[in-house]
Amino acid sequence: MTTIVKRPPVSQAARARRRNTNLAGYAFILPWLIGLIVFTSVPMFYSLYLSFTKYDALGAPQWIGVNNYVNMVQDDTFWKALGVTFKYVFLLVPLRLASALAVALVLTTNHKGIGLYRTVYYVPSLLGGSVAIAIIWARIFGSNGAFNGIISALSGTVFSFNWVGEISTALYSLILLGCWHFGSSMLIFVSGIKQIPASYYEAALLDGANPWQKFRYITLPALSPVIFFNLVQGIINAFKAFSEALIITDGGPLNSTMLFALYIYKQGFSYFKMGYACAMSWVLLVIISIFSIFVFKSSDSWVHYES
Amino acid sequence: MQITAKSHAMTPKKAFRSIRFHALALLFGLVMLYPLLWMFASSLKPNEEVFTTVASLIPSRVMWENYKIGWESSGRYTYATYFGNSLIIAVFSTIGGVVSSSLVAFGFARIPFKGSKVFFAVMMATMLLPQQVLLIPQYIMFKSFGWINTYLPIIVPQFCGVPFFIFLNMQFMRGVPRELDEAAEIDGCGWFNKYFRIMLPLSVPSLITSAVFAFYWSWQEFLGPLIYISKPKLYPASIALKMFSDPATQTNWSGLFAMTTLSIVPVLLVFLFLQKYLVEGVATTGLKG
């Protein structure tokens, strides 16, 4: 209080205005604030509580301490799902980013009609998570699907491998689907590349830089903030991937596509082990947080911001 | 490839390069669009042909009646019900998401209230939160509200603002000169007038971008209805399509593909007409589409 007294006297009007500003600010963010409390914070704490209980959605939750977490360690499918998810994330995210960057580089060269290609390559991104595409994917890569049809036509022998139904390839068919919507990252890269001043490249040209050097020492550092953003978002989204696996493979064959998010859903809503599902969702949250922190920390050494 | 008058000046080498570029780009485009073209072609093929001439994109006979067959193929309700339900979810989710996100964005972008920075950081952090953590407690909560088999669990949270749209609108609002606010203040405008008279009309482009994405996401929404809707009468198209795509029971594939094709038509139409807003939205915020 004393500090306030020492300041030059604040007029009644100024204080009223400040109070007004605070009131107005909270009034505008009120919808979000309500949502934060009702739909995010309360459920989060409730989920943490449930993760220490046995709960089948009918009776009352039964406190069982850390049993869910202990059971998890002994649950083979949990480890399988974890492994599948890591493989999915670590193949999909770099592959999708690399395709997006490569295509963006090609589509920022000087050619007529290039905008049209950009549009065409972006379209799959719009339909990314749709059920329609998942259904089509399952049929295209099924044993009597169009993919085999094309291979058969090209090779002259009848081919009937079930790409989505065999352990060796099922996960890759999901990864391919993820790569198929590289378009939104591509658009972000295109706009990033366009913002790089032409003078950088002119200077490099005078220094006799070859195309690889220009890419490595100008384009890549200039794009690093964009790559960083896409990397974080890509990792998080890949960890959360769910509906593709549910519709196309339903986690099979033999859990070879049992993504972690799908396993949580199955435990919660197919087997009604809701306490266990909550415990696993917290493990997912911790894993995602660790990766986010890791990427954020590492960004100091490879992300260049223009000052 | 057509060589236009302007490119007569091209050396043969350059012309060859240009042709090679377009040939490869077109081929790649064909590969990218093949699944969609295949779906459309299959929806027009006679049903017995779908998996026999599977790689072909040209039906031997064009059967538009597949659309009628597919429309009525699903027992008690037609796809009029399912698409209608999808539309209800999409319209209300979009309105809720756009209106509330714009208000919240103005609060964060323009009003220097106490605690705004902390709350903004919290909001950005919630974008990283995996929905799976909230799935079960939200289900239990909505069940206790009696919201099972209603669209409320899907629609109501949208009215609390969507962090992504809030961020998108904020980015846009930050570009609007502050002098406009100050001028309005001299005229005696309060925050509410500043928002409704100045910012709202000026931020129409970012509102449209948000609306387009809100529409896409809610039209294709799958997880919400999967958990909360169990009555076929209330199925949105996404759930209906999933239910009728089981290879064990589905026999009329061309009819099903007709319906999957119809389900993406609104998405493509919106894209066709509002492409500009979409591409700008993706580029300015770096969002996943």
# chains A, B, ... in the order shown; residues from 1 in each chain; ligands from 1

call {"tool": "residues_around", "arguments": {"residues": "stretch 159-175 of chain B", "least_positions_apart": "6", "cutoff": "10 Å", "atoms": "only C-alpha atoms", "output": "PyMOL selection string"}}
result
(chain A and resi 29-36+38-39) or (chain B and resi 92-110+120+123-127+199-200+202-207+209-211+213-214+281-282+284-287)

call {"tool": "interface_residues", "arguments": {"of": "chain B", "to": "chain A", "cutoff": "6 Å", "atoms": "only C-alpha atoms", "output": "VMD selection string"}}
result
chain B and resid 54 to 55 103 to 104 107 111 113 132 to 134 137 to 138 160 to 161 220 238 260 283 286 288 to 289

call {"tool": "write_last_selection", "arguments": {"atoms": "C-alpha atoms", "output": "PDB file, in the first residue's frame"}}
result
ATOM      1  CA  VAL B  54      -9.960 -51.878 -60.064  1.00  0.00           C
ATOM      2  CA  ALA B  55      -7.080 -49.782 -61.396  1.00  0.00           C
ATOM      3  CA  LEU B 103     -14.183 -11.891 -28.967  1.00  0.00           C
ATOM      4  CA  VAL B 104     -11.444 -13.637 -27.024  1.00  0.00           C
ATOM      5  CA  GLY B 107      -9.401  -9.268 -25.474  1.00  0.00           C
ATOM      6  CA  ILE B 111      -6.948  -4.819 -24.142  1.00  0.00           C
ATOM      7  CA  PHE B 113      -5.747  -5.989 -18.771  1.00  0.00           C
ATOM      8  CA  GLN B 132      -7.085 -38.032 -25.031  1.00  0.00           C
ATOM      9  CA  VAL B 133      -6.483 -36.736 -21.522  1.00  0.00           C
ATOM     10  CA  LEU B 134      -9.856 -35.002 -21.536  1.00  0.00           C
ATOM     11  CA  PRO B 137     -13.553 -37.153 -17.831  1.00  0.00           C
ATOM     12  CA  GLN B 138     -15.461 -35.100 -20.404  1.00  0.00           C
ATOM     13  CA  CYS B 160     -15.795 -21.259 -25.497  1.00  0.00           C
ATOM     14  CA  GLY B 161     -13.428 -20.369 -28.300  1.00  0.00           C
ATOM     15  CA  GLN B 220     -15.543 -34.218 -40.819  1.00  0.00           C
ATOM     16  CA  SER B 238     -18.944 -39.549 -40.872  1.00  0.00           C
ATOM     17  CA  THR B 260     -18.129 -40.889 -49.613  1.00  0.00           C
ATOM     18  CA  ALA B 283       0.551 -19.260 -44.376  1.00  0.00           C
ATOM     19  CA  GLY B 286       1.373 -22.156 -39.867  1.00  0.00           C
ATOM     20  CA  LYS B 288      -2.319 -27.944 -39.975  1.00  0.00           C
ATOM     21  CA  GLY B 289      -5.146 -28.165 -42.474  1.00  0.00           C
TER      22      GLY B 289
END

call {"tool": "select_by_dssp", "arguments": {"residues": "stretch 100-204 of chain A", "states": "helix (DSSP H, G or I)", "output": "count of residues only"}}
result
70

call {"tool": "residues_around", "arguments": {"residues": "stretch 142-151 of chain B", "least_positions_apart": "2", "cutoff": "10 Å", "atoms": "only C-alpha atoms", "output": "PyMOL selection string"}}
result
(chain A and resi 39+57) or (chain B and resi 85+88-89+92-93+136-140+153-156+224-225+227-236)

call {"tool": "residues_around", "arguments": {"residues": "A:Val89", "least_positions_apart": "2", "cutoff": "12 Å", "atoms": "only C-alpha atoms", "output": "ChimeraX atom specification"}}
result
/A:82-87,91-97,171-172,174-175,178-179,231-241,259-260,288,291

call {"tool": "write_last_selection", "arguments": {"atoms": "C-alpha atoms", "output": "PDB file, in the first residue's frame"}}
result
ATOM      1  CA  LEU A  82       4.107 -47.486 -27.392  1.00  0.00           C
ATOM      2  CA  GLY A  83       6.548 -49.039 -29.855  1.00  0.00           C
ATOM      3  CA  VAL A  84       4.115 -48.749 -32.777  1.00  0.00           C
ATOM      4  CA  THR A  85       3.432 -45.117 -31.920  1.00  0.00           C
ATOM      5  CA  PHE A  86       7.116 -44.215 -31.744  1.00  0.00           C
ATOM      6  CA  LYS A  87       7.752 -45.873 -35.075  1.00  0.00           C
ATOM      7  CA  LEU A  91       8.876 -42.108 -39.630  1.00  0.00           C
ATOM      8  CA  LEU A  92       5.871 -39.951 -40.429  1.00  0.00           C
ATOM      9  CA  VAL A  93       7.003 -36.587 -39.087  1.00  0.00           C
ATOM     10  CA  PRO A  94      10.398 -36.384 -40.857  1.00  0.00           C
ATOM     11  CA  LEU A  95       9.023 -37.921 -44.056  1.00  0.00           C
ATOM     12  CA  ARG A  96       6.117 -35.506 -44.223  1.00  0.00           C
ATOM     13  CA  LEU A  97       8.296 -32.498 -43.443  1.00  0.00           C
ATOM     14  CA  LEU A 171       1.643 -49.462 -40.332  1.00  0.00           C
ATOM     15  CA  TYR A 172       3.377 -48.173 -43.456  1.00  0.00           C
ATOM     16  CA  LEU A 174      -1.008 -45.465 -42.337  1.00  0.00           C
ATOM     17  CA  ILE A 175       2.280 -43.578 -42.559  1.00  0.00           C
ATOM     18  CA  GLY A 178      -0.100 -39.228 -43.214  1.00  0.00           C
ATOM     19  CA  CYS A 179       2.486 -38.236 -45.808  1.00  0.00           C
ATOM     20  CA  LEU A 231       8.029 -30.134 -36.182  1.00  0.00           C
ATOM     21  CA  VAL A 232       6.363 -29.415 -32.855  1.00  0.00           C
ATOM     22  CA  GLN A 233       2.916 -29.529 -34.355  1.00  0.00           C
ATOM     23  CA  GLY A 234       3.699 -32.621 -36.421  1.00  0.00           C
ATOM     24  CA  ILE A 235       4.987 -34.571 -33.419  1.00  0.00           C
ATOM     25  CA  ILE A 236       2.000 -33.681 -31.270  1.00  0.00           C
ATOM     26  CA  ASN A 237      -0.510 -34.511 -33.976  1.00  0.00           C
ATOM     27  CA  ALA A 238       1.212 -37.772 -34.835  1.00  0.00           C
ATOM     28  CA  PHE A 239       1.132 -38.875 -31.191  1.00  0.00           C
ATOM     29  CA  LYS A 240      -2.588 -38.129 -31.147  1.00  0.00           C
ATOM     30  CA  ALA A 241      -3.372 -39.956 -34.444  1.00  0.00           C
ATOM     31  CA  LEU A 259      -1.464 -46.511 -32.017  1.00  0.00           C
ATOM     32  CA  PHE A 260      -1.378 -45.293 -28.447  1.00  0.00           C
ATOM     33  CA  ILE A 288       4.338 -35.456 -25.503  1.00  0.00           C
ATOM     34  CA  PHE A 291       9.263 -34.348 -26.606  1.00  0.00           C
TER      35      PHE A 291
END

call {"tool": "closest_residue", "arguments": {"among": "B:Ala184, B:Val118, B:Ala258, B:Met32", "to": "A:Leu176", "atoms": "only C-alpha atoms"}}
result
B:Met32

call {"tool": "residues_around", "arguments": {"residues": "stretch 296-303 of chain A", "least_positions_apart": "5", "cutoff": "8 Å", "atoms": "only C-alpha atoms", "output": "ChimeraX atom specification"}}
result
/A:221,224-225,228

call {"tool": "residues_around", "arguments": {"residues": "B:Gly75", "least_positions_apart": "6", "cutoff": "12 Å", "atoms": "only C-alpha atoms", "output": "ChimeraX atom specification"}}
result
/B:69,81,232-233,240,243-244

call {"tool": "write_last_selection", "arguments": {"atoms": "C-alpha atoms", "output": "PDB file, in the first residue's frame"}}
result
ATOM      1  CA  ILE B  69     -28.895 -46.552 -54.461  1.00  0.00           C
ATOM      2  CA  THR B  81     -30.769 -37.668 -42.296  1.00  0.00           C
ATOM      3  CA  PRO B 232     -28.730 -44.130 -35.916  1.00  0.00           C
ATOM      4  CA  LYS B 233     -31.267 -41.302 -36.287  1.00  0.00           C
ATOM      5  CA  ALA B 240     -22.848 -43.502 -41.000  1.00  0.00           C
ATOM      6  CA  MET B 243     -20.798 -48.039 -40.011  1.00  0.00           C
ATOM      7  CA  PHE B 244     -21.602 -49.054 -43.567  1.00  0.00           C
TER       8      PHE B 244
END
